[in-house]
file structure.cif (mmCIF, C-alpha atoms)
data_work
#
loop_
_atom_site.group_PDB
_atom_site.id
_atom_site.type_symbol
_atom_site.label_atom_id
_atom_site.label_comp_id
_atom_site.auth_asym_id
_atom_site.auth_seq_id
_atom_site.Cartn_x
_atom_site.Cartn_y
_atom_site.Cartn_z
ATOM 1 C CA MET H 1325 -6.737 6.961 21.140
ATOM 2 C CA GLU H 1326 -4.582 5.658 23.948
ATOM 3 C CA LEU H 1327 -0.962 5.026 23.110
ATOM 4 C CA ASP H 1328 2.145 4.587 25.209
ATOM 5 C CA GLY H 1329 5.651 5.941 25.548
ATOM 6 C CA ASN H 1330 6.850 3.940 22.549
ATOM 7 C CA ALA H 1331 5.103 6.581 20.439
ATOM 8 C CA LEU H 1332 7.150 9.372 22.082
ATOM 9 C CA GLY H 1333 10.420 7.990 20.670
ATOM 10 C CA GLY H 1334 10.457 10.001 17.470
ATOM 11 C CA ASP H 1335 9.769 13.386 18.999
ATOM 12 C CA LEU H 1336 12.098 12.772 21.935
ATOM 13 C CA SER H 1337 14.833 11.871 19.450
ATOM 14 C CA THR H 1338 14.769 15.494 18.304
ATOM 15 C CA VAL H 1339 15.925 16.447 21.813
ATOM 16 C CA PHE H 1340 18.005 13.549 23.096
ATOM 17 C CA ALA H 1341 21.068 12.101 21.413
ATOM 18 C CA THR H 1342 19.888 8.552 22.028
ATOM 19 C CA ASP H 1343 16.612 6.650 21.941
ATOM 20 C CA VAL H 1344 14.985 7.135 25.330
ATOM 21 C CA THR H 1345 12.062 4.719 25.081
ATOM 22 C CA ASP H 1346 14.152 2.327 27.200
ATOM 23 C CA ALA H 1347 15.271 5.033 29.651
ATOM 24 C CA VAL H 1348 13.980 4.573 33.201
ATOM 25 C CA PHE H 1349 11.961 7.388 34.786
ATOM 26 C CA VAL H 1350 11.124 7.890 38.439
ATOM 27 C CA CYS H 1351 7.771 9.592 39.008
ATOM 28 C CA ALA H 1352 8.184 12.697 41.148
ATOM 29 C CA GLY H 1353 4.716 12.090 42.598
ATOM 30 C CA CYS H 1354 4.393 8.418 43.517
ATOM 31 C CA LYS H 1355 8.072 7.364 43.068
ATOM 32 C CA HIS H 1356 7.057 4.604 40.663
ATOM 33 C CA SER H 1357 9.820 3.773 38.238
ATOM 34 C CA GLY H 1358 9.503 2.213 34.808
ATOM 35 C CA VAL H 1359 10.721 2.573 31.260
ATOM 36 C CA VAL H 1360 9.571 5.541 29.201
ATOM 37 C CA ALA H 1361 7.877 3.126 26.762
ATOM 38 C CA THR H 1362 5.330 2.283 29.471
ATOM 39 C CA LEU H 1363 4.109 5.876 29.973
ATOM 40 C CA ARG H 1364 0.468 6.475 29.067
ATOM 41 C CA VAL H 1365 -0.045 8.768 26.098
ATOM 42 C CA TRP H 1366 -3.294 9.998 24.591
ATOM 43 C CA GLU H 1367 -3.820 11.323 21.079
ATOM 44 C CA PRO H 1368 -4.672 13.458 19.301
ATOM 45 C CA ALA H 1369 -3.541 16.516 21.213
ATOM 46 C CA PRO H 1370 -1.592 19.667 20.357
ATOM 47 C CA GLY H 1371 1.286 18.283 22.370
ATOM 48 C CA LEU H 1372 2.304 14.915 23.703
ATOM 49 C CA VAL H 1373 1.701 14.173 27.356
ATOM 50 C CA GLY H 1374 3.226 11.099 28.984
ATOM 51 C CA ARG H 1375 1.595 10.058 32.254
ATOM 52 C CA CYS H 1376 2.803 7.717 34.987
ATOM 53 C CA PRO H 1377 1.186 4.272 34.475
ATOM 54 C CA ASN H 1378 0.897 3.942 38.257
ATOM 55 C CA CYS H 1379 -0.578 7.273 39.430
ATOM 56 C CA THR H 1380 -1.378 9.042 36.092
ATOM 57 C CA ASP H 1381 0.594 12.161 37.094
ATOM 58 C CA VAL H 1382 2.142 13.966 34.131
ATOM 59 C CA ILE H 1383 5.780 12.875 33.719
ATOM 60 C CA VAL H 1384 6.698 14.472 30.419
ATOM 61 C CA ARG H 1385 5.108 17.085 28.206
ATOM 62 C CA LEU H 1386 6.356 17.746 24.725
ATOM 63 C CA VAL H 1387 5.008 20.388 22.374
ATOM 64 C CA ARG H 1388 6.403 20.875 18.907
ATOM 65 C CA THR H 1389 6.155 23.924 16.714
ATOM 66 C CA PRO H 1390 7.677 24.271 13.260
ATOM 67 C CA THR H 1391 10.819 25.759 14.779
ATOM 68 C CA ARG H 1392 10.979 24.573 18.411
ATOM 69 C CA VAL H 1393 10.319 21.704 20.748
ATOM 70 C CA PHE H 1394 9.086 22.524 24.264
ATOM 71 C CA LEU H 1395 9.948 19.800 26.753
ATOM 72 C CA THR H 1396 8.701 19.783 30.356
ATOM 73 C CA LEU H 1397 10.043 17.095 32.659
ATOM 74 C CA THR H 1398 8.946 18.339 36.072
ATOM 75 C CA GLY H 1399 6.962 15.131 36.704
ATOM 76 C CA ALA H 1400 10.094 12.998 36.617
ATOM 77 C CA SER H 1401 12.447 13.197 39.561
ATOM 78 C CA ARG H 1402 15.032 11.219 37.599
ATOM 79 C CA LEU H 1403 15.716 9.895 34.127
ATOM 80 C CA GLU H 1404 18.198 7.046 33.781
ATOM 81 C CA ILE H 1405 19.404 6.754 30.209
ATOM 82 C CA PRO H 1406 21.325 3.712 28.969
ATOM 83 C CA VAL H 1407 24.447 4.516 26.974
ATOM 84 C CA GLU H 1408 26.242 2.229 24.581
ATOM 85 C CA GLN H 1409 29.407 0.607 25.890
ATOM 86 C CA PRO H 1410 32.499 1.997 24.134
ATOM 87 C CA MET O 772 28.649 7.046 16.738
ATOM 88 C CA ILE O 773 25.385 8.862 17.200
ATOM 89 C CA LYS O 774 23.116 8.896 14.210
ATOM 90 C CA ARG O 775 20.457 11.565 14.320
ATOM 91 C CA ILE O 776 17.058 10.426 13.192
ATOM 92 C CA THR O 777 15.860 12.746 10.455
ATOM 93 C CA TRP O 778 12.837 13.040 8.187
ATOM 94 C CA ARG O 779 13.366 11.386 4.833
ATOM 95 C CA ALA O 780 11.287 11.315 1.664
ATOM 96 C CA ALA O 781 10.377 7.675 1.105
ATOM 97 C CA THR O 782 8.960 6.339 -2.150
ATOM 98 C CA VAL O 783 6.168 3.784 -2.222
ATOM 99 C CA THR O 784 7.455 0.949 -4.408
ATOM 100 C CA ALA O 785 4.652 -1.587 -3.924
ATOM 101 C CA VAL O 786 1.339 -1.983 -2.136
ATOM 102 C CA ARG O 787 -0.663 -5.060 -1.197
ATOM 103 C CA TRP O 788 -3.814 -5.717 0.760
ATOM 104 C CA GLU O 789 -3.398 -8.015 3.782
ATOM 105 C CA THR O 790 -7.113 -7.975 4.691
ATOM 106 C CA LYS O 791 -10.080 -5.997 3.391
ATOM 107 C CA THR O 792 -9.063 -3.061 5.579
ATOM 108 C CA ALA O 793 -5.301 -3.398 6.080
ATOM 109 C CA ARG O 794 -2.770 -2.567 3.418
ATOM 110 C CA THR O 795 1.001 -2.951 3.304
ATOM 111 C CA LEU O 796 3.101 -0.142 1.856
ATOM 112 C CA VAL O 797 6.587 -1.114 0.719
ATOM 113 C CA LEU O 798 8.858 1.906 1.063
ATOM 114 C CA ASP O 799 12.212 2.705 -0.379
ATOM 115 C CA VAL O 800 13.845 5.097 2.105
ATOM 116 C CA PRO O 801 17.027 6.768 0.860
ATOM 117 C CA GLY O 802 19.845 6.509 3.412
ATOM 118 C CA TRP O 803 17.969 4.010 5.607
ATOM 119 C CA SER O 804 20.500 2.400 7.941
ATOM 120 C CA GLY O 805 18.380 -0.560 8.961
ATOM 121 C CA HIS O 806 15.929 -1.393 11.707
ATOM 122 C CA LEU O 807 15.251 -3.910 14.441
ATOM 123 C CA PRO O 808 12.089 -5.996 14.646
ATOM 124 C CA GLY O 809 9.578 -4.146 16.834
ATOM 125 C CA GLN O 810 10.692 -0.661 15.855
ATOM 126 C CA HIS O 811 8.368 1.865 14.258
ATOM 127 C CA VAL O 812 8.512 4.928 12.063
ATOM 128 C CA ASP O 813 6.758 8.257 12.297
ATOM 129 C CA ILE O 814 4.920 9.369 9.187
ATOM 130 C CA ARG O 815 4.239 13.019 8.474
ATOM 131 C CA LEU O 816 1.646 14.241 5.998
ATOM 132 C CA THR O 817 1.436 17.886 5.051
ATOM 133 C CA ALA O 818 -1.693 19.309 3.441
ATOM 134 C CA ASP O 819 -1.611 22.033 0.800
ATOM 135 C CA ASP O 820 -2.584 24.605 3.409
ATOM 136 C CA GLY O 821 0.327 23.595 5.643
ATOM 137 C CA TYR O 822 -1.668 21.474 8.088
ATOM 138 C CA VAL O 823 0.510 18.649 9.367
ATOM 139 C CA ALA O 824 -0.563 15.269 10.714
ATOM 140 C CA GLN O 825 1.947 12.886 12.257
ATOM 141 C CA ARG O 826 1.441 9.251 13.288
ATOM 142 C CA SER O 827 3.526 6.251 14.299
ATOM 143 C CA TYR O 828 3.363 2.964 12.377
ATOM 144 C CA SER O 829 5.135 -0.265 13.208
ATOM 145 C CA ILE O 830 7.506 -1.818 10.710
ATOM 146 C CA ALA O 831 6.367 -5.242 9.487
ATOM 147 C CA SER O 832 9.466 -6.285 7.584
ATOM 148 C CA ALA O 833 12.745 -7.704 8.800
ATOM 149 C CA TRP O 834 15.723 -5.726 7.641
ATOM 150 C CA SER O 835 18.913 -7.023 6.061
ATOM 151 C CA PRO O 836 21.353 -5.475 3.596
ATOM 152 C CA SER O 837 19.815 -7.655 0.880
ATOM 153 C CA SER O 838 16.233 -6.638 1.786
ATOM 154 C CA PRO O 839 16.601 -2.980 2.686
ATOM 155 C CA SER O 840 13.010 -1.861 2.157
ATOM 156 C CA VAL O 841 10.672 -0.812 4.936
ATOM 157 C CA GLU O 842 7.218 -2.363 4.962
ATOM 158 C CA LEU O 843 4.372 -0.863 6.962
ATOM 159 C CA THR O 844 0.998 -2.526 7.346
ATOM 160 C CA ILE O 845 -1.669 0.060 7.997
ATOM 161 C CA GLN O 846 -5.084 -0.728 9.400
ATOM 162 C CA ARG O 847 -7.758 1.618 8.101
ATOM 163 C CA LEU O 848 -9.732 3.272 10.887
ATOM 164 C CA ASP O 849 -12.906 4.640 9.346
ATOM 165 C CA ASP O 850 -12.910 7.739 11.547
ATOM 166 C CA GLY O 851 -9.155 8.136 11.172
ATOM 167 C CA GLU O 852 -7.450 11.165 9.760
ATOM 168 C CA VAL O 853 -4.315 9.554 8.348
ATOM 169 C CA SER O 854 -4.913 5.821 7.925
ATOM 170 C CA PRO O 855 -7.643 6.055 5.215
ATOM 171 C CA TYR O 856 -5.254 8.144 3.166
ATOM 172 C CA LEU O 857 -2.488 5.558 3.515
ATOM 173 C CA THR O 858 -4.759 2.589 2.771
ATOM 174 C CA ASP O 859 -6.958 4.033 0.029
ATOM 175 C CA VAL O 860 -5.271 7.002 -1.593
ATOM 176 C CA VAL O 861 -1.509 6.457 -1.658
ATOM 177 C CA GLU O 862 -0.277 4.617 -4.743
ATOM 178 C CA VAL O 863 3.008 3.250 -6.055
ATOM 179 C CA GLY O 864 5.381 6.080 -6.890
ATOM 180 C CA ASP O 865 4.020 8.465 -4.264
ATOM 181 C CA LYS O 866 6.383 10.022 -1.747
ATOM 182 C CA ILE O 867 5.827 10.026 2.015
ATOM 183 C CA GLU O 868 7.845 11.686 4.770
ATOM 184 C CA VAL O 869 9.233 9.086 7.157
ATOM 185 C CA ARG O 870 11.314 9.310 10.340
ATOM 186 C CA GLY O 871 12.946 6.291 11.974
ATOM 187 C CA ALA O 872 13.727 3.686 12.923
ATOM 188 C CA ILE O 873 12.403 4.474 16.398
ATOM 189 C CA GLY O 874 12.349 2.501 19.632
ATOM 190 C CA ASN O 875 14.900 0.636 21.671
ATOM 191 C CA TRP O 876 12.665 -1.130 24.168
ATOM 192 C CA PHE O 877 9.882 -2.890 22.288
ATOM 193 C CA VAL O 878 12.415 -4.677 20.081
ATOM 194 C CA TRP O 879 13.627 -8.214 19.671
ATOM 195 C CA ARG O 880 17.288 -8.798 18.855
ATOM 196 C CA ASP O 881 18.536 -12.006 17.271
ATOM 197 C CA THR O 882 21.149 -12.220 20.029
ATOM 198 C CA GLN O 883 18.314 -13.062 22.453
ATOM 199 C CA THR O 884 18.315 -16.816 22.969
ATOM 200 C CA ALA O 885 15.225 -17.264 25.169
ATOM 201 C CA PRO O 886 11.987 -18.658 23.740
ATOM 202 C CA VAL O 887 9.655 -15.904 22.586
ATOM 203 C CA LEU O 888 5.955 -15.479 23.221
ATOM 204 C CA LEU O 889 4.154 -12.985 21.010
ATOM 205 C CA ILE O 890 0.601 -11.915 21.806
ATOM 206 C CA ALA O 891 -1.167 -9.789 19.215
ATOM 207 C CA GLY O 892 -4.523 -8.068 19.307
ATOM 208 C CA GLY O 893 -5.720 -7.103 15.816
ATOM 209 C CA SER O 894 -3.274 -4.888 13.955
ATOM 210 C CA GLY O 895 -0.916 -5.183 16.932
ATOM 211 C CA VAL O 896 0.445 -8.147 15.015
ATOM 212 C CA VAL O 897 2.513 -5.880 12.766
ATOM 213 C CA PRO O 898 5.678 -5.404 14.896
ATOM 214 C CA LEU O 899 5.418 -9.025 16.047
ATOM 215 C CA MET O 900 5.399 -10.146 12.412
ATOM 216 C CA ALA O 901 8.713 -8.346 11.941
ATOM 217 C CA MET O 902 10.084 -10.453 14.827
ATOM 218 C CA ILE O 903 8.782 -13.671 13.232
ATOM 219 C CA ARG O 904 10.310 -12.682 9.915
ATOM 220 C CA ALA O 905 13.668 -11.985 11.602
ATOM 221 C CA ARG O 906 13.619 -15.133 13.722
ATOM 222 C CA GLY O 907 16.480 -17.598 13.536
ATOM 223 C CA ARG O 908 16.325 -20.846 15.499
ATOM 224 C CA GLN O 909 14.720 -19.482 18.665
ATOM 225 C CA PRO O 910 11.381 -21.122 19.424
ATOM 226 C CA PHE O 911 8.515 -18.675 18.892
ATOM 227 C CA ARG O 912 4.859 -18.855 19.752
ATOM 228 C CA LEU O 913 2.291 -16.381 18.501
ATOM 229 C CA ILE O 914 -1.168 -15.965 19.970
ATOM 230 C CA TYR O 915 -3.115 -13.804 17.547
ATOM 231 C CA SER O 916 -6.529 -12.435 18.464
ATOM 232 C CA VAL O 917 -8.740 -11.339 15.560
ATOM 233 C CA ARG O 918 -12.445 -10.613 15.185
ATOM 234 C CA THR O 919 -13.040 -13.038 12.327
ATOM 235 C CA PRO O 920 -10.836 -15.254 10.139
ATOM 236 C CA GLU O 921 -11.051 -12.595 7.393
ATOM 237 C CA ASP O 922 -9.411 -10.049 9.723
ATOM 238 C CA ALA O 923 -6.189 -12.038 10.111
ATOM 239 C CA ALA O 924 -3.298 -10.324 8.341
ATOM 240 C CA TYR O 925 -0.436 -12.447 6.988
ATOM 241 C CA ALA O 926 -2.601 -15.570 7.430
ATOM 242 C CA GLU O 927 -1.173 -17.371 4.392
ATOM 243 C CA GLU O 928 2.416 -16.476 5.245
ATOM 244 C CA LEU O 929 1.952 -17.584 8.854
ATOM 245 C CA ARG O 930 0.531 -20.936 7.730
ATOM 246 C CA HIS O 931 3.464 -21.358 5.377
ATOM 247 C CA ARG O 932 6.030 -20.472 8.042
ATOM 248 C CA VAL O 933 4.469 -22.847 10.558
ATOM 249 C CA ARG O 934 4.666 -25.640 7.959
ATOM 250 C CA GLU O 935 8.193 -24.880 6.791
ATOM 251 C CA ASN O 936 9.982 -23.519 9.850
ATOM 252 C CA PRO O 937 10.233 -25.805 12.860
ATOM 253 C CA GLY O 938 9.925 -23.973 16.147
ATOM 254 C CA LEU O 939 7.109 -21.593 15.218
ATOM 255 C CA ASP O 940 3.594 -22.121 16.544
ATOM 256 C CA VAL O 941 0.604 -19.890 15.840
ATOM 257 C CA HIS O 942 -2.684 -19.978 17.683
ATOM 258 C CA PHE O 943 -5.634 -17.831 16.628
ATOM 259 C CA VAL O 944 -8.250 -16.470 19.001
ATOM 260 C CA TYR O 945 -11.489 -15.407 17.291
ATOM 261 C CA THR O 946 -13.549 -12.858 19.171
ATOM 262 C CA ARG O 947 -16.624 -12.537 16.917
ATOM 263 C CA LYS O 948 -16.765 -15.311 14.352
ATOM 264 C CA ALA O 949 -14.717 -18.489 14.495
ATOM 265 C CA PRO O 950 -14.154 -20.869 11.615
ATOM 266 C CA GLU O 951 -15.637 -24.328 11.769
ATOM 267 C CA GLY O 952 -13.969 -26.524 14.371
ATOM 268 C CA ALA O 953 -12.317 -23.672 16.252
ATOM 269 C CA GLY O 954 -14.918 -23.514 19.021
ATOM 270 C CA ALA O 955 -17.076 -20.583 20.001
ATOM 271 C CA PRO O 956 -15.739 -17.029 19.665
ATOM 272 C CA LYS O 957 -14.113 -15.716 22.841
ATOM 273 C CA ARG O 958 -11.661 -13.179 24.093
ATOM 274 C CA ILE O 959 -8.125 -13.971 25.153
ATOM 275 C CA ASP O 960 -8.103 -15.470 28.638
ATOM 276 C CA VAL O 961 -5.977 -17.326 31.183
ATOM 277 C CA ALA O 962 -6.656 -20.696 29.566
ATOM 278 C CA THR O 963 -5.542 -19.453 26.140
ATOM 279 C CA ILE O 964 -2.254 -18.036 27.363
ATOM 280 C CA ASN O 965 -1.655 -20.981 29.688
ATOM 281 C CA SER O 966 -2.232 -23.520 26.897
ATOM 282 C CA HIS O 967 -0.621 -21.731 23.972
ATOM 283 C CA GLY O 968 2.118 -19.679 25.624
ATOM 284 C CA TRP O 969 5.331 -20.908 27.248
ATOM 285 C CA PRO O 970 5.497 -22.029 30.860
ATOM 286 C CA PRO O 971 7.023 -19.297 33.065
ATOM 287 C CA ASP O 972 9.832 -21.749 33.960
ATOM 288 C CA PHE O 973 11.128 -21.391 30.398
ATOM 289 C CA GLU O 974 11.641 -17.677 31.094
ATOM 290 C CA PRO O 975 10.406 -16.581 27.679
ATOM 291 C CA ASP O 976 10.674 -13.040 26.390
ATOM 292 C CA CYS O 977 7.078 -11.871 26.003
ATOM 293 C CA TYR O 978 5.877 -9.165 23.633
ATOM 294 C CA VAL O 979 2.291 -7.957 23.730
ATOM 295 C CA CYS O 980 0.889 -5.487 21.197
ATOM 296 C CA GLY O 981 -2.673 -4.367 20.621
ATOM 297 C CA PRO O 982 -5.290 -1.930 21.872
ATOM 298 C CA THR O 983 -4.955 -0.829 25.502
ATOM 299 C CA GLY O 984 -7.603 -3.107 27.014
ATOM 300 C CA PHE O 985 -6.171 -6.117 25.226
ATOM 301 C CA VAL O 986 -2.595 -5.312 26.230
ATOM 302 C CA GLU O 987 -3.533 -4.850 29.876
ATOM 303 C CA THR O 988 -5.518 -8.076 29.989
ATOM 304 C CA ALA O 989 -2.761 -10.119 28.364
ATOM 305 C CA ALA O 990 0.051 -8.569 30.413
ATOM 306 C CA ASP O 991 -1.880 -9.056 33.669
ATOM 307 C CA ILE O 992 -2.486 -12.708 32.803
ATOM 308 C CA LEU O 993 1.194 -13.263 32.010
ATOM 309 C CA VAL O 994 2.278 -11.805 35.350
ATOM 310 C CA ALA O 995 -0.432 -13.746 37.204
ATOM 311 C CA LEU O 996 0.800 -16.957 35.559
ATOM 312 C CA GLY O 997 4.261 -16.257 36.978
ATOM 313 C CA HIS O 998 6.116 -14.483 34.179
ATOM 314 C CA ALA O 999 8.532 -11.833 35.444
ATOM 315 C CA PRO O 1000 7.146 -8.356 34.686
ATOM 316 C CA THR O 1001 10.563 -7.344 33.345
ATOM 317 C CA ARG O 1002 10.227 -10.013 30.644
ATOM 318 C CA VAL O 1003 6.874 -8.686 29.474
ATOM 319 C CA ARG O 1004 7.159 -5.851 26.963
ATOM 320 C CA THR O 1005 4.090 -4.049 25.759
ATOM 321 C CA GLU O 1006 3.089 -1.660 23.036
ATOM 322 C CA ARG O 1007 -0.341 -0.087 22.857
ATOM 323 C CA PHE O 1008 -1.199 0.114 19.239
ATOM 324 C CA GLY O 1009 -2.213 3.512 18.001
ATOM 325 C CA GLY O 1010 -2.775 5.102 14.669
ATOM 326 C CA ALA O 1011 -5.735 7.003 13.350
#
call {"tool": "encode", "arguments": {"input": "structure.cif", "output": "structure tokens"}}
result
Amino acid sequence: MELDGNALGGDLSTVFATDVTDAVFVCAGCKHSGVVATLRVWEPAPGLVGRCPNCTDVIVRLVRTPTRVFLTLTGASRLEIPVEQP
Amino acid sequence: MIKRITWRAATVTAVRWETKTARTLVLDVPGWSGHLPGQHVDIRLTADDGYVAQRSYSIASAWSPSSPSVELTIQRLDDGEVSPYLTDVVEVGDKIEVRGAIGNWFVWRDTQTAPVLLIAGGSGVVPLMAMIRARGRQPFRLIYSVRTPEDAAYAEELRHRVRENPGLDVHFVYTRKAPEGAGAPKRIDVATINSHGWPPDFEPDCYVCGPTGFVETAADILVALGHAPTRVRTERFGGA
């Protein structure tokens, strides 16, 4: 089942203090940038893997266990996260 | 203030079938602080042996303090692990673990003033229905692709809203069996979106939700017709 980065929102919210589906990533491989919601995600899998919609390189990997979340972000050279105006 | 999203035990307060294979669960979620149209929840089911299955489902209802419940419409996938349980087993009074509301990108806010174009493939209509239900005076158009007339969820409500609420248009695309007078079945194409969408000059906010192939086709057509890619938001509909 092919999903997209929208489906990563819940698990990423256990790590980040804000919703990151509208954060902008830059792919470390092809330099494509887009919002996290547009990443390609396939299920079911033991972990969640978000791939670049342009070059399919892995941008984010997230594995959850009952007590931990393992987050790998080596595929993103940058993550730009909107913050609420005070 | 930052509000952490946590798992909550929701109670099913009502159920209703939208089609032969799609059922709406009305949930009462203690401590729910509201949601935006387009957002989803994660649902977690735990088996007696500890096996856990987690899925995302779009919210179909518009939230307000006077209608605080969360409605999910779930399409049964026959080879699915979670959806048949939610459509066929869960009953009123049951408890389900829910986390949300999730998503800040595939959302429509009532402060947006642009016309809105919604393009739904099958059960991808669910988050778009939440937008229609939350709509104020903004002009909305929905293009809704279904296999047959019987597969259209919310059909009666959509007809009613089109009749009663000026500024909402709905166009159905039938891919397998069309009702009398609706022409031959076909898939969504340039002509459909050109005729039943908004002209790019109107700079509409476009939301496309459905299976991957459908979403890519519709989004590519929108961009080819001249819509700015930044105004086209997509969600590939999952579940299983």
call {"tool": "resolve_selection", "arguments": {"input": "structure.cif", "expression": "the PyMOL selection byres ((chain H and resi 1389) around 12)", "output": "count of residues only"}}
result
14
call {"tool": "resolve_selection", "arguments": {"input": "structure.cif", "expression": "the PyMOL selection byres ((chain H and resi 1397) around 9)", "output": "ChimeraX atom specification"}}
result
/H:1382-1386,1395-1396,1398-1401
call {"tool": "residues_around", "arguments": {"input": "structure.cif", "residues": "segment 921-936 of chain O", "least_positions_apart": "4", "cutoff": "7 Å", "atoms": "all atoms listed in the file", "output": "number ranges by chain"}}
result
O: 789-790, 917, 940
call {"tool": "atom_distance", "arguments": {"input": "structure.cif", "atom1": "atom CA of Val1003 of chain O", "atom2": "atom CA of Gly893 of chain O"}}
result
18.6 Å
call {"tool": "resolve_selection", "arguments": {"input": "structure.cif", "expression": "the PyMOL selection byres ((chain O) within 8 of (chain H))", "output": "PDB file with C-alpha atoms, in the frame of the given file"}}
result
ATOM      1  CA  ILE O 773      25.385   8.862  17.200  1.00  0.00           C
ATOM      2  CA  ARG O 775      20.457  11.565  14.320  1.00  0.00           C
ATOM      3  CA  ILE O 776      17.058  10.426  13.192  1.00  0.00           C
ATOM      4  CA  VAL O 812       8.512   4.928  12.063  1.00  0.00           C
ATOM      5  CA  ASP O 813       6.758   8.257  12.297  1.00  0.00           C
ATOM      6  CA  SER O 827       3.526   6.251  14.299  1.00  0.00           C
ATOM      7  CA  ARG O 870      11.314   9.310  10.340  1.00  0.00           C
ATOM      8  CA  GLY O 871      12.946   6.291  11.974  1.00  0.00           C
ATOM      9  CA  ILE O 873      12.403   4.474  16.398  1.00  0.00           C
ATOM     10  CA  GLY O 874      12.349   2.501  19.632  1.00  0.00           C
ATOM     11  CA  ASN O 875      14.900   0.636  21.671  1.00  0.00           C
ATOM     12  CA  TRP O 876      12.665  -1.130  24.168  1.00  0.00           C
ATOM     13  CA  PHE O 877       9.882  -2.890  22.288  1.00  0.00           C
ATOM     14  CA  PRO O 982      -5.290  -1.930  21.872  1.00  0.00           C
ATOM     15  CA  THR O 983      -4.955  -0.829  25.502  1.00  0.00           C
ATOM     16  CA  THR O1005       4.090  -4.049  25.759  1.00  0.00           C
ATOM     17  CA  GLU O1006       3.089  -1.660  23.036  1.00  0.00           C
ATOM     18  CA  ARG O1007      -0.341  -0.087  22.857  1.00  0.00           C
ATOM     19  CA  PHE O1008      -1.199   0.114  19.239  1.00  0.00           C
ATOM     20  CA  GLY O1009      -2.213   3.512  18.001  1.00  0.00           C
ATOM     21  CA  GLY O1010      -2.775   5.102  14.669  1.00  0.00           C
ATOM     22  CA  ALA O1011      -5.735   7.003  13.350  1.00  0.00           C
TER      23      ALA O1011
END
call {"tool": "atom_distance", "arguments": {"input": "structure.cif", "atom1": "atom CA of Ala999 of chain O", "atom2": "atom CA of Leu888 of chain O"}}
result
13.0 Å
call {"tool": "atom_distance", "arguments": {"input": "structure.cif", "atom1": "atom CA of Arg1375 of chain H", "atom2": "atom CA of Gly1353 of chain H"}}
result
11.0 Å
call {"tool": "residues_around", "arguments": {"input": "structure.cif", "residues": "Val863 of chain O", "least_positions_apart": "2", "cutoff": "12 Å", "atoms": "only C-alpha atoms", "output": "ChimeraX atom specification"}}
result
/O:781-787,795-799,857-861,865-867
call {"tool": "closest_residue", "arguments": {"input": "structure.cif", "among": "O:Gly984, O:Trp803, O:Gln846, O:Pro971", "to": "Pro1000 of chain O", "atoms": "all atoms listed in the file"}}
result
O:Pro971
call {"tool": "residues_near_point", "arguments": {"input": "structure.cif", "point": "(-1.0, -20.7, 30.4)", "cutoff": "12 Å", "atoms": "only C-alpha atoms", "output": "mmCIF file with C-alpha atoms, in the coordinates of the input"}}
result
data_model
loop_
_atom_site.group_PDB
_atom_site.id
_atom_site.type_symbol
_atom_site.label_atom_id
_atom_site.label_comp_id
_atom_site.auth_asym_id
_atom_site.auth_seq_id
_atom_site.Cartn_x
_atom_site.Cartn_y
_atom_site.Cartn_z
ATOM 1 C CA LEU O 888 5.955 -15.479 23.221
ATOM 2 C CA ILE O 914 -1.168 -15.965 19.970
ATOM 3 C CA ILE O 959 -8.125 -13.971 25.153
ATOM 4 C CA ASP O 960 -8.103 -15.470 28.638
ATOM 5 C CA VAL O 961 -5.977 -17.326 31.183
ATOM 6 C CA ALA O 962 -6.656 -20.696 29.566
ATOM 7 C CA THR O 963 -5.542 -19.453 26.140
ATOM 8 C CA ILE O 964 -2.254 -18.036 27.363
ATOM 9 C CA ASN O 965 -1.655 -20.981 29.688
ATOM 10 C CA SER O 966 -2.232 -23.520 26.897
ATOM 11 C CA HIS O 967 -0.621 -21.731 23.972
ATOM 12 C CA GLY O 968 2.118 -19.679 25.624
ATOM 13 C CA TRP O 969 5.331 -20.908 27.248
ATOM 14 C CA PRO O 970 5.497 -22.029 30.860
ATOM 15 C CA PRO O 971 7.023 -19.297 33.065
ATOM 16 C CA ASP O 972 9.832 -21.749 33.960
ATOM 17 C CA ALA O 989 -2.761 -10.119 28.364
ATOM 18 C CA ILE O 992 -2.486 -12.708 32.803
ATOM 19 C CA LEU O 993 1.194 -13.263 32.010
ATOM 20 C CA VAL O 994 2.278 -11.805 35.350
ATOM 21 C CA ALA O 995 -0.432 -13.746 37.204
ATOM 22 C CA LEU O 996 0.800 -16.957 35.559
ATOM 23 C CA GLY O 997 4.261 -16.257 36.978
ATOM 24 C CA HIS O 998 6.116 -14.483 34.179
#
